[in-house]
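**Student:** File name my_file-v7.cif; file contents mmCIF, C-alpha atoms and all ligand atoms; full text below.
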data_coords
loop_
_atom_site.group_PDB
_atom_site.id
_atom_site.type_symbol
_atom_site.label_atom_id
_atom_site.label_comp_id
_atom_site.auth_asym_id
_atom_site.auth_seq_id
_atom_site.Cartn_x
_atom_site.Cartn_y
_atom_site.Cartn_z
ATOM 1 C CA MET A 1 96.861 81.096 109.994
ATOM 2 C CA TYR A 2 100.237 82.206 108.685
ATOM 3 C CA ARG A 3 101.770 81.824 105.251
ATOM 4 C CA LEU A 4 105.130 82.521 103.694
ATOM 5 C CA VAL A 5 106.420 82.539 100.115
ATOM 6 C CA THR A 6 109.840 83.563 98.859
ATOM 7 C CA HIS A 7 111.545 83.910 95.511
ATOM 8 C CA PHE A 8 115.229 83.959 94.724
ATOM 9 C CA GLY A 9 115.008 85.427 91.283
ATOM 10 C CA GLY A 10 113.720 84.668 87.858
ATOM 11 C CA GLY A 11 116.290 84.386 85.081
ATOM 12 C CA SER A 12 118.666 81.730 83.929
ATOM 13 C CA TRP A 13 120.431 80.104 86.840
ATOM 14 C CA ALA A 14 122.192 77.442 84.808
ATOM 15 C CA LEU A 15 123.125 75.375 87.883
ATOM 16 C CA THR A 16 124.210 71.747 87.913
ATOM 17 C CA PRO A 17 121.628 69.365 89.466
ATOM 18 C CA GLU A 18 123.833 69.157 92.598
ATOM 19 C CA GLU A 19 124.060 72.954 92.923
ATOM 20 C CA GLU A 20 120.319 73.217 92.368
ATOM 21 C CA GLN A 21 119.706 70.753 95.189
ATOM 22 C CA GLN A 22 122.019 72.730 97.483
ATOM 23 C CA TYR A 23 120.064 75.917 96.819
ATOM 24 C CA ILE A 24 116.782 74.114 97.427
ATOM 25 C CA GLU A 25 118.065 72.859 100.789
ATOM 26 C CA LYS A 26 119.179 76.361 101.764
ATOM 27 C CA ILE A 27 115.739 77.681 100.887
ATOM 28 C CA ARG A 28 113.942 75.013 102.879
ATOM 29 C CA LEU A 29 116.013 76.025 105.884
ATOM 30 C CA LEU A 30 115.226 79.666 105.345
ATOM 31 C CA LEU A 31 111.508 78.965 105.031
ATOM 32 C CA THR A 32 111.647 77.005 108.278
ATOM 33 C CA ILE A 33 113.257 79.978 110.038
ATOM 34 C CA GLY A 34 110.534 82.284 108.709
ATOM 35 C CA HIS A 35 107.802 79.846 109.597
ATOM 36 C CA THR A 36 109.102 79.533 113.166
ATOM 37 C CA MET A 37 109.082 83.321 113.498
ATOM 38 C CA LEU A 38 105.483 83.558 112.302
ATOM 39 C CA LYS A 39 104.463 80.732 114.630
ATOM 40 C CA LYS A 40 106.075 82.528 117.569
ATOM 41 C CA GLY A 41 104.006 85.612 116.786
ATOM 42 C CA TYR A 42 106.510 87.771 114.937
ATOM 43 C CA THR A 43 104.782 90.081 112.488
ATOM 44 C CA ALA A 44 104.812 89.485 108.743
ATOM 45 C CA LEU A 45 106.872 92.670 108.417
ATOM 46 C CA ASP A 46 109.610 91.498 110.804
ATOM 47 C CA THR A 47 109.625 88.048 109.225
ATOM 48 C CA VAL A 48 110.088 89.173 105.623
ATOM 49 C CA GLN A 49 112.759 91.644 106.719
ATOM 50 C CA LYS A 50 114.676 88.902 108.549
ATOM 51 C CA ILE A 51 114.524 86.515 105.606
ATOM 52 C CA VAL A 52 115.824 89.121 103.218
ATOM 53 C CA GLU A 53 118.543 90.135 105.701
ATOM 54 C CA LEU A 54 119.789 86.527 105.845
ATOM 55 C CA MET A 55 119.880 86.414 102.056
ATOM 56 C CA GLU A 56 121.802 89.686 101.920
ATOM 57 C CA ASP A 57 124.427 88.257 104.257
ATOM 58 C CA SER A 58 124.749 84.903 102.487
ATOM 59 C CA GLY A 59 126.574 86.061 99.366
ATOM 60 C CA TYR A 60 124.603 83.490 97.332
ATOM 61 C CA TYR A 61 122.045 85.860 95.855
ATOM 62 C CA ASN A 62 122.039 89.075 93.906
ATOM 63 C CA CYS A 63 121.580 91.284 96.955
ATOM 64 C CA GLY A 64 123.755 92.526 99.820
ATOM 65 C CA LYS A 65 127.101 90.727 99.834
ATOM 66 C CA GLY A 66 126.390 88.862 96.555
ATOM 67 C CA SER A 67 125.222 91.907 94.564
ATOM 68 C CA ILE A 68 126.303 92.178 90.954
ATOM 69 C CA THR A 69 128.048 95.311 89.760
ATOM 70 C CA ASN A 70 127.070 98.017 87.289
ATOM 71 C CA TYR A 71 129.022 98.791 84.092
ATOM 72 C CA ASN A 72 131.552 100.718 86.197
ATOM 73 C CA GLY A 73 132.276 97.656 88.324
ATOM 74 C CA VAL A 74 130.520 99.170 91.332
ATOM 75 C CA VAL A 75 127.798 97.596 93.483
ATOM 76 C CA GLU A 76 124.660 99.748 93.797
ATOM 77 C CA MET A 77 121.887 98.064 95.770
ATOM 78 C CA ASP A 78 118.122 98.636 95.896
ATOM 79 C CA ALA A 79 115.695 97.366 98.542
ATOM 80 C CA GLY A 80 112.080 97.898 99.570
ATOM 81 C CA ILE A 81 109.659 96.807 102.273
ATOM 82 C CA MET A 82 105.920 97.425 102.649
ATOM 83 C CA CYS A 83 103.238 96.756 105.246
ATOM 84 C CA GLY A 84 99.815 95.724 103.922
ATOM 85 C CA LYS A 85 97.993 96.935 107.021
ATOM 86 C CA THR A 86 99.140 100.554 107.047
ATOM 87 C CA LEU A 87 100.257 100.847 103.397
ATOM 88 C CA ARG A 88 103.432 102.310 104.800
ATOM 89 C CA GLY A 89 106.588 101.369 103.004
ATOM 90 C CA GLY A 90 110.246 102.263 102.905
ATOM 91 C CA ALA A 91 112.849 101.863 100.207
ATOM 92 C CA VAL A 92 116.426 102.691 99.287
ATOM 93 C CA ALA A 93 118.205 102.881 95.959
ATOM 94 C CA THR A 94 121.818 102.772 94.713
ATOM 95 C CA VAL A 95 123.127 102.081 98.216
ATOM 96 C CA ARG A 96 126.878 101.420 98.265
ATOM 97 C CA THR A 97 128.123 101.036 101.812
ATOM 98 C CA ILE A 98 125.307 99.748 104.035
ATOM 99 C CA LYS A 99 125.675 96.026 104.728
ATOM 100 C CA ASN A 100 121.924 95.375 104.840
ATOM 101 C CA PRO A 101 119.924 97.622 102.523
ATOM 102 C CA ILE A 102 116.685 96.002 103.733
ATOM 103 C CA LYS A 103 117.357 97.269 107.280
ATOM 104 C CA LEU A 104 117.879 100.714 105.812
ATOM 105 C CA ALA A 105 114.594 100.474 103.896
ATOM 106 C CA ARG A 106 112.833 99.582 107.142
ATOM 107 C CA LEU A 107 114.387 102.609 108.843
ATOM 108 C CA VAL A 108 113.158 104.855 106.030
ATOM 109 C CA MET A 109 109.699 103.421 106.650
ATOM 110 C CA ASP A 110 109.769 103.680 110.440
ATOM 111 C CA LYS A 111 111.932 106.725 111.113
ATOM 112 C CA THR A 112 111.272 109.198 108.303
ATOM 113 C CA HIS A 113 108.316 110.789 106.579
ATOM 114 C CA HIS A 114 109.768 109.699 103.215
ATOM 115 C CA ARG A 115 109.316 106.572 101.151
ATOM 116 C CA LEU A 116 112.520 106.389 99.129
ATOM 117 C CA LEU A 117 116.069 107.529 99.825
ATOM 118 C CA ALA A 118 118.829 107.184 97.236
ATOM 119 C CA CYS A 119 122.575 107.618 96.654
ATOM 120 C CA GLU A 120 124.858 109.144 99.303
ATOM 121 C CA GLY A 121 121.848 110.449 101.240
ATOM 122 C CA ALA A 122 120.669 106.894 101.826
ATOM 123 C CA ASP A 123 124.133 105.689 102.859
ATOM 124 C CA GLU A 124 124.591 108.697 105.145
ATOM 125 C CA PHE A 125 121.218 108.173 106.797
ATOM 126 C CA GLY A 126 121.998 104.511 107.478
ATOM 127 C CA LYS A 127 125.357 105.347 108.965
ATOM 128 C CA LYS A 128 123.822 108.021 111.170
ATOM 129 C CA LYS A 129 121.270 105.497 112.414
ATOM 130 C CA GLY A 130 124.062 103.102 113.377
ATOM 131 C CA LEU A 131 123.726 100.513 110.618
ATOM 132 C CA GLU A 132 126.812 98.458 109.832
ATOM 133 C CA THR A 133 128.809 99.740 106.875
ATOM 134 C CA VAL A 134 131.127 97.811 104.587
ATOM 135 C CA SER A 135 133.857 98.671 102.118
ATOM 136 C CA ASP A 136 134.060 97.539 98.486
ATOM 137 C CA SER A 137 136.121 94.488 99.444
ATOM 138 C CA TYR A 138 133.128 93.037 101.358
ATOM 139 C CA PHE A 139 131.220 92.237 98.188
ATOM 140 C CA VAL A 140 131.685 88.919 96.418
ATOM 141 C CA ARG A 141 131.662 90.961 93.193
ATOM 142 C CA TYR A 142 130.340 88.486 90.702
ATOM 143 C CA GLN A 143 130.909 89.938 87.297
ATOM 144 C CA PRO A 144 128.022 89.549 84.868
ATOM 145 C CA VAL A 145 128.884 86.611 82.630
ATOM 146 C CA GLU A 146 126.940 87.919 79.653
ATOM 147 C CA THR A 147 125.282 91.239 79.046
ATOM 148 C CA SER A 148 121.836 89.755 78.492
ATOM 149 C CA TYR A 149 119.782 89.261 81.640
ATOM 150 C CA PHE A 150 118.555 85.945 80.339
ATOM 151 C CA GLY A 151 122.136 84.980 79.736
ATOM 152 C CA LYS A 152 124.174 83.131 82.320
ATOM 153 C CA ALA A 153 123.662 85.353 85.348
ATOM 154 C CA PRO A 154 125.259 83.600 88.309
ATOM 155 C CA HIS A 155 122.562 84.375 90.867
ATOM 156 C CA GLU A 156 119.426 86.391 91.377
ATOM 157 C CA THR A 157 117.396 88.905 93.406
ATOM 158 C CA VAL A 158 115.337 87.885 96.442
ATOM 159 C CA GLY A 159 111.831 88.633 97.690
ATOM 160 C CA ALA A 160 109.585 87.415 100.508
ATOM 161 C CA ILE A 161 105.897 87.751 101.324
ATOM 162 C CA ALA A 162 104.244 86.744 104.598
ATOM 163 C CA LEU A 163 100.781 86.695 106.118
ATOM 164 C CA ASP A 164 100.878 86.674 109.924
ATOM 165 C CA LYS A 165 98.420 85.433 112.509
ATOM 166 C CA TYR A 166 97.107 88.977 112.943
ATOM 167 C CA GLY A 167 95.919 88.870 109.323
ATOM 168 C CA ASP A 168 98.544 91.295 108.036
ATOM 169 C CA LEU A 169 100.464 90.974 104.782
ATOM 170 C CA ALA A 170 103.987 92.287 104.215
ATOM 171 C CA VAL A 171 106.555 92.127 101.432
ATOM 172 C CA ALA A 172 110.311 92.770 101.255
ATOM 173 C CA SER A 173 112.813 92.559 98.434
ATOM 174 C CA SER A 174 116.492 93.341 97.923
ATOM 175 C CA THR A 175 118.647 93.385 94.802
ATOM 176 C CA GLY A 176 121.891 94.393 93.182
ATOM 177 C CA GLY A 177 119.725 95.186 90.150
ATOM 178 C CA ILE A 178 119.974 93.806 86.636
ATOM 179 C CA ASP A 179 123.348 92.659 85.356
ATOM 180 C CA ASP A 180 123.209 95.109 82.499
ATOM 181 C CA LYS A 181 122.977 98.542 84.130
ATOM 182 C CA LEU A 182 124.406 102.021 83.983
ATOM 183 C CA LYS A 183 125.727 103.750 87.070
ATOM 184 C CA GLY A 184 122.750 105.331 88.857
ATOM 185 C CA ARG A 185 120.107 103.003 87.427
ATOM 186 C CA ILE A 186 117.245 102.428 89.872
ATOM 187 C CA GLY A 187 115.000 99.397 89.406
ATOM 188 C CA GLY A 188 111.389 98.750 90.335
ATOM 189 C CA VAL A 189 112.081 97.043 93.662
ATOM 190 C CA PRO A 190 112.461 100.288 95.645
ATOM 191 C CA GLN A 191 109.672 102.107 93.787
ATOM 192 C CA LEU A 192 106.658 100.940 95.752
ATOM 193 C CA GLY A 193 103.862 99.738 93.513
ATOM 194 C CA LEU A 194 106.104 98.890 90.583
ATOM 195 C CA GLU A 195 107.816 95.612 91.510
ATOM 196 C CA LEU A 196 106.669 95.433 95.124
ATOM 197 C CA TYR A 197 103.368 96.154 96.868
ATOM 198 C CA ALA A 198 101.271 94.993 99.821
ATOM 199 C CA ASN A 199 97.694 95.803 100.773
ATOM 200 C CA ASN A 200 95.660 93.852 103.339
ATOM 201 C CA LYS A 201 92.525 94.501 101.274
ATOM 202 C CA THR A 202 93.919 92.598 98.311
ATOM 203 C CA CYS A 203 97.366 90.991 98.127
ATOM 204 C CA ALA A 204 101.127 91.355 98.288
ATOM 205 C CA VAL A 205 103.372 91.056 95.237
ATOM 206 C CA ALA A 206 107.144 90.774 94.647
ATOM 207 C CA CYS A 207 108.504 90.771 91.083
ATOM 208 C CA THR A 208 111.852 89.673 89.734
ATOM 209 C CA GLY A 209 113.473 89.894 86.331
ATOM 210 C CA ILE A 210 114.074 92.901 84.158
ATOM 211 C CA GLY A 211 112.581 95.736 86.155
ATOM 212 C CA GLU A 212 111.853 98.120 83.289
ATOM 213 C CA PRO A 213 108.854 96.283 81.739
ATOM 214 C CA PHE A 214 107.410 95.656 85.212
ATOM 215 C CA MET A 215 107.876 99.347 85.963
ATOM 216 C CA ARG A 216 106.088 100.477 82.799
ATOM 217 C CA LEU A 217 103.057 98.416 83.792
ATOM 218 C CA VAL A 218 103.111 99.511 87.472
ATOM 219 C CA THR A 219 102.821 95.754 87.891
ATOM 220 C CA ALA A 220 102.544 95.142 91.623
ATOM 221 C CA TYR A 221 99.936 97.868 92.163
ATOM 222 C CA ASP A 222 98.094 96.883 88.977
ATOM 223 C CA ILE A 223 97.558 93.375 90.332
ATOM 224 C CA SER A 224 96.206 94.783 93.585
ATOM 225 C CA ALA A 225 93.990 97.309 91.732
ATOM 226 C CA GLN A 226 92.541 94.621 89.465
ATOM 227 C CA MET A 227 91.455 92.813 92.624
ATOM 228 C CA GLN A 228 90.240 95.883 94.521
ATOM 229 C CA TYR A 229 88.372 97.686 91.749
ATOM 230 C CA GLY A 230 87.870 95.002 89.136
ATOM 231 C CA GLY A 231 86.857 92.086 91.343
ATOM 232 C CA LYS A 232 89.508 89.799 89.858
ATOM 233 C CA SER A 233 91.031 86.922 91.768
ATOM 234 C CA LEU A 234 94.780 87.037 92.391
ATOM 235 C CA GLU A 235 95.314 84.336 89.804
ATOM 236 C CA GLU A 236 93.315 86.200 87.126
ATOM 237 C CA ALA A 237 95.084 89.474 87.891
ATOM 238 C CA VAL A 238 98.536 87.872 87.601
ATOM 239 C CA LYS A 239 97.566 86.112 84.352
ATOM 240 C CA ASN A 240 96.417 89.453 82.907
ATOM 241 C CA ILE A 241 99.791 91.062 83.633
ATOM 242 C CA PHE A 242 101.594 88.192 81.949
ATOM 243 C CA LYS A 243 99.556 88.810 78.770
ATOM 244 C CA GLU A 244 101.575 92.048 78.591
ATOM 245 C CA LYS A 245 105.242 92.218 77.730
ATOM 246 C CA VAL A 246 107.006 91.379 80.981
ATOM 247 C CA GLU A 247 110.323 89.632 81.384
ATOM 248 C CA GLY A 248 110.776 87.683 84.571
ATOM 249 C CA GLY A 249 108.602 86.274 87.289
ATOM 250 C CA LEU A 250 106.716 87.095 90.439
ATOM 251 C CA ILE A 251 105.303 85.667 93.622
ATOM 252 C CA ALA A 252 102.061 86.913 95.149
ATOM 253 C CA MET A 253 99.764 86.110 98.048
ATOM 254 C CA ASP A 254 96.180 87.232 98.578
ATOM 255 C CA LYS A 255 94.713 88.303 101.896
ATOM 256 C CA ASP A 256 93.468 84.750 102.518
ATOM 257 C CA GLY A 257 96.944 83.288 102.101
ATOM 258 C CA ASN A 258 96.502 81.860 98.574
ATOM 259 C CA ILE A 259 99.829 81.839 96.767
ATOM 260 C CA VAL A 260 100.389 82.438 93.060
ATOM 261 C CA LYS A 261 103.670 82.332 91.153
ATOM 262 C CA GLU A 262 104.206 83.099 87.487
ATOM 263 C CA CYS A 263 107.312 83.273 85.359
ATOM 264 C CA ASN A 264 108.256 83.639 81.708
ATOM 265 C CA ALA A 265 112.021 83.653 82.308
ATOM 266 C CA PRO A 266 113.660 80.257 81.804
ATOM 267 C CA GLU A 267 113.814 79.534 85.536
ATOM 268 C CA MET A 268 112.703 80.855 88.894
ATOM 269 C CA LEU A 269 113.849 79.589 92.250
ATOM 270 C CA TYR A 270 111.059 79.919 94.795
ATOM 271 C CA GLY A 271 109.548 78.241 97.817
ATOM 272 C CA TYR A 272 106.721 78.419 100.300
ATOM 273 C CA ILE A 273 105.390 76.912 103.491
ATOM 274 C CA LYS A 274 102.723 74.355 102.728
ATOM 275 C CA GLU A 275 99.396 74.172 104.599
ATOM 276 C CA ASP A 276 100.837 71.395 106.809
ATOM 277 C CA GLY A 277 103.737 73.668 107.832
ATOM 278 C CA SER A 278 106.462 71.926 105.828
ATOM 279 C CA PRO A 279 108.730 73.859 103.451
ATOM 280 C CA PHE A 280 108.543 73.359 99.689
ATOM 281 C CA ALA A 281 111.120 74.749 97.253
ATOM 282 C CA GLU A 282 111.872 74.162 93.601
ATOM 283 C CA MET A 283 113.681 75.543 90.600
ATOM 284 C CA TYR A 284 110.651 76.177 88.427
ATOM 285 C CA LYS A 285 111.413 75.627 84.741
ATOM 286 C CA THR A 286 109.210 77.624 82.445
ATOM 287 C CA PRO A 287 107.845 75.413 79.651
ATOM 288 C CA LEU A 288 109.376 76.409 76.324
ATOM 289 C CA LYS A 289 106.996 78.015 73.831
ATOM 290 C CA ASN A 290 107.039 76.675 70.252
HETATM 291 N N1 LIG A 301 113.925 93.292 89.086
HETATM 292 C C1 LIG A 301 115.222 93.664 89.554
HETATM 293 C C2 LIG A 301 115.619 94.976 88.932
HETATM 294 O O1 LIG A 301 115.181 95.275 87.835
HETATM 295 C C3 LIG A 301 116.286 92.682 89.243
HETATM 296 C C4 LIG A 301 115.954 91.233 89.520
HETATM 297 O O2 LIG A 301 114.852 90.893 89.908
HETATM 298 O O3 LIG A 301 116.835 90.391 89.349
HETATM 299 O O4 LIG A 301 116.430 95.658 89.499
#
Translate this structure into structure tokens?
Ligand code: ASP
**Tutor:**
Amino acid sequence: MYRLVTHFGGGSWALTPEEEQQYIEKIRLLLTIGHTMLKKGYTALDTVQKIVELMEDSGYYNCGKGSITNYNGVVEMDAGIMCGKTLRGGAVATVRTIKNPIKLARLVMDKTHHRLLACEGADEFGKKKGLETVSDSYFVRYQPVETSYFGKAPHETVGAIALDKYGDLAVASSTGGIDDKLKGRIGGVPQLGLELYANNKTCAVACTGIGEPFMRLVTAYDISAQMQYGGKSLEEAVKNIFKEKVEGGLIAMDKDGNIVKECNAPEMLYGYIKEDGSPFAEMYKTPLKN
């Protein structure tokens, strides 16, 4: 059995129905690519990395080419990847010149004894390892439309979780961060356990939205720990986190391939491969609270 779920950010997309449909089509295609990889025997780790790489290159999402800028008008990207089998992970923060931060995160995981590299050190390491570099002009450079995250942000962060036929879970995520950030701000995506976590014993989790509340709650690891030590189901564990003050959404998958999504932002674009192998994607609209 193999499963795949992806998110493209929780926030306020404010797309026209036609634009929404275009995004949904793009996501279906992406899910089909990932599904084909899993079917061919690619690992969950390679599959989630590839999906995120494609998103980084597309310019349509808040990661890689499409990353939003900080207050200084500069792109600083975060990315993380984690393997549920080995609990090994790699992450990078405030990357400025590497075209695919997710590839760099994977290199940190595979080729160093570290977990997180940041700033020039991360860029330098990527360059040394032969990763493609880009100049400032490469980025689409969407300017934040409003300062509030739940304002009219033009596009969002991405995350992917897969379960492969070997029974292994993996998660990957990449982001330009929130649209309201100081130079040097690092979000929860590259801090393993905060917005991203995978453990074959329990589940894999990828969060999106304002990182800071998710970080305070050590959200991704908390969900896994509730399952491992508290005997909760994935659904119960996710519901418990959303009783706390979080702002955004998440996708999660347990070790048996059950998928859960939750969101308290106005919208979250997400998709998954259904049991019959066909791709499903939607712009989830969070019901308004009275
Ligand atoms: N959670 C990410 C961060 O705080 C941003 C996002 O998901 O859009 O950097």
**Student:** Let me have the centre and edge lengths in Å, one decimal, of the box along x, y and z around every listed atom of ligand LIG 301 (chain A) with 6 Å of margin on each side, as AutoDock Vina command-line options.
**Tutor:**
--center_x 115.4 --center_y 93.0 --center_z 88.9 --size_x 14.9 --size_y 17.3 --size_z 14.1
**Student:** Could you tell me, counting all atoms listed in the file, which protein and nucleic acid residues lie no more than 7 Å from ligand LIG 301 (chain A), written as a PyMOL selection string?
**Tutor:** chain A and resi 9-10+156-157+175-178+186-189+195+207-212
**Student:** Have a look at atom CA of Gly80 of chain A and atom CA of Ser233 of chain A and let me know their distance in Å, one decimal.
**Tutor:**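 So the answer is 25.0 Å.
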**Student:** Give the answer as one residue: which of A:Leu31, A:Leu192, A:Ala170, A:Ala44 has the shortest atom-to-atom distance to Arg115 of chain A, using only C-alpha atoms?
**Tutor:** A:Leu192
**Student:** Using Å and a single decimal, report how far atom CA of Leu250 of chain A sits from atom CA of Gln226 of chain A.
**Tutor:**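 Taking atom CA of Gln226 of chain A and atom CA of Leu250 of chain A, their separation equals 16.1 Å.
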**Student:** Quick check on the file I pasted: which residues fall under the PyMOL selection byres (((chain A and resi 83-86) around 9) and not hetatm)? Write them as a ChimeraX atom specification.
**Tutor:** /A:44-45,81-82,87-89,167-171,197-204
**Student:** Could you list the residues chosen by the PyMOL selection byres (((chain A and resi 119) around 6) and not hetatm) in this structure as a list in words?
**Tutor:**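 That selection, the PyMOL selection byres (((chain A and resi 119) around 6) and not hetatm), comes back as Thr94, Val95, Ala118, Glu120, Gly121 and Ala122 of chain A.
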**Student:** Run the PyMOL selection byres (((chain A and resi 73-78) around 7) and not hetatm) mentally over the shown coordinates, then write out the matched residues as number ranges by chain, using the chain letters and numbers from the document.
**Tutor:** A: 63, 67-72, 79, 92-96, 101, 174-177, 189-190
**Student:** Just to confirm, what's the straight-line distance from atom CA of Thr43 of chain A to atom CA of Tyr166 of chain A in Å (one decimal)?
**Tutor:**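 Those two atoms sit 7.8 Å apart.
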**Student:** Give as a list of chain:residue names the set of residues within 9 Å of the point (120.1, 103.9, 105.2), where distances use the file's coordinates and only C-alpha atoms.
**Tutor:**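 Those within range, by chain then number, are A:Val92, A:Val95, A:Ile98, A:Asn100, A:Pro101, A:Ile102, A:Lys103, A:Leu104, A:Ala105, A:Arg106, A:Leu107, A:Val108, A:Leu117, A:Ala118, A:Gly121, A:Ala122, A:Asp123, A:Glu124, A:Phe125, A:Gly126, A:Lys127, A:Lys128, A:Lys129, A:Leu131.
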**Student:** Next, write the just-selected residues to a file, as a PDB file, keeping the file's coordinate frame, keeping C-alpha atoms as the atom set.
**Tutor:**
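Contents of the output file result.pdb:
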ATOM      1  CA  VAL A  92     116.426 102.691  99.287  1.00  0.00           C
ATOM      2  CA  VAL A  95     123.127 102.081  98.216  1.00  0.00           C
ATOM      3  CA  ILE A  98     125.307  99.748 104.035  1.00  0.00           C
ATOM      4  CA  ASN A 100     121.924  95.375 104.840  1.00  0.00           C
ATOM      5  CA  PRO A 101     119.924  97.622 102.523  1.00  0.00           C
ATOM      6  CA  ILE A 102     116.685  96.002 103.733  1.00  0.00           C
ATOM      7  CA  LYS A 103     117.357  97.269 107.280  1.00  0.00           C
ATOM      8  CA  LEU A 104     117.879 100.714 105.812  1.00  0.00           C
ATOM      9  CA  ALA A 105     114.594 100.474 103.896  1.00  0.00           C
ATOM     10  CA  ARG A 106     112.833  99.582 107.142  1.00  0.00           C
ATOM     11  CA  LEU A 107     114.387 102.609 108.843  1.00  0.00           C
ATOM     12  CA  VAL A 108     113.158 104.855 106.030  1.00  0.00           C
ATOM     13  CA  LEU A 117     116.069 107.529  99.825  1.00  0.00           C
ATOM     14  CA  ALA A 118     118.829 107.184  97.236  1.00  0.00           C
ATOM     15  CA  GLY A 121     121.848 110.449 101.240  1.00  0.00           C
ATOM     16  CA  ALA A 122     120.669 106.894 101.826  1.00  0.00           C
ATOM     17  CA  ASP A 123     124.133 105.689 102.859  1.00  0.00           C
ATOM     18  CA  GLU A 124     124.591 108.697 105.145  1.00  0.00           C
ATOM     19  CA  PHE A 125     121.218 108.173 106.797  1.00  0.00           C
ATOM     20  CA  GLY A 126     121.998 104.511 107.478  1.00  0.00           C
ATOM     21  CA  LYS A 127     125.357 105.347 108.965  1.00  0.00           C
ATOM     22  CA  LYS A 128     123.822 108.021 111.170  1.00  0.00           C
ATOM     23  CA  LYS A 129     121.270 105.497 112.414  1.00  0.00           C
ATOM     24  CA  LEU A 131     123.726 100.513 110.618  1.00  0.00           C
TER      25      LEU A 131
END
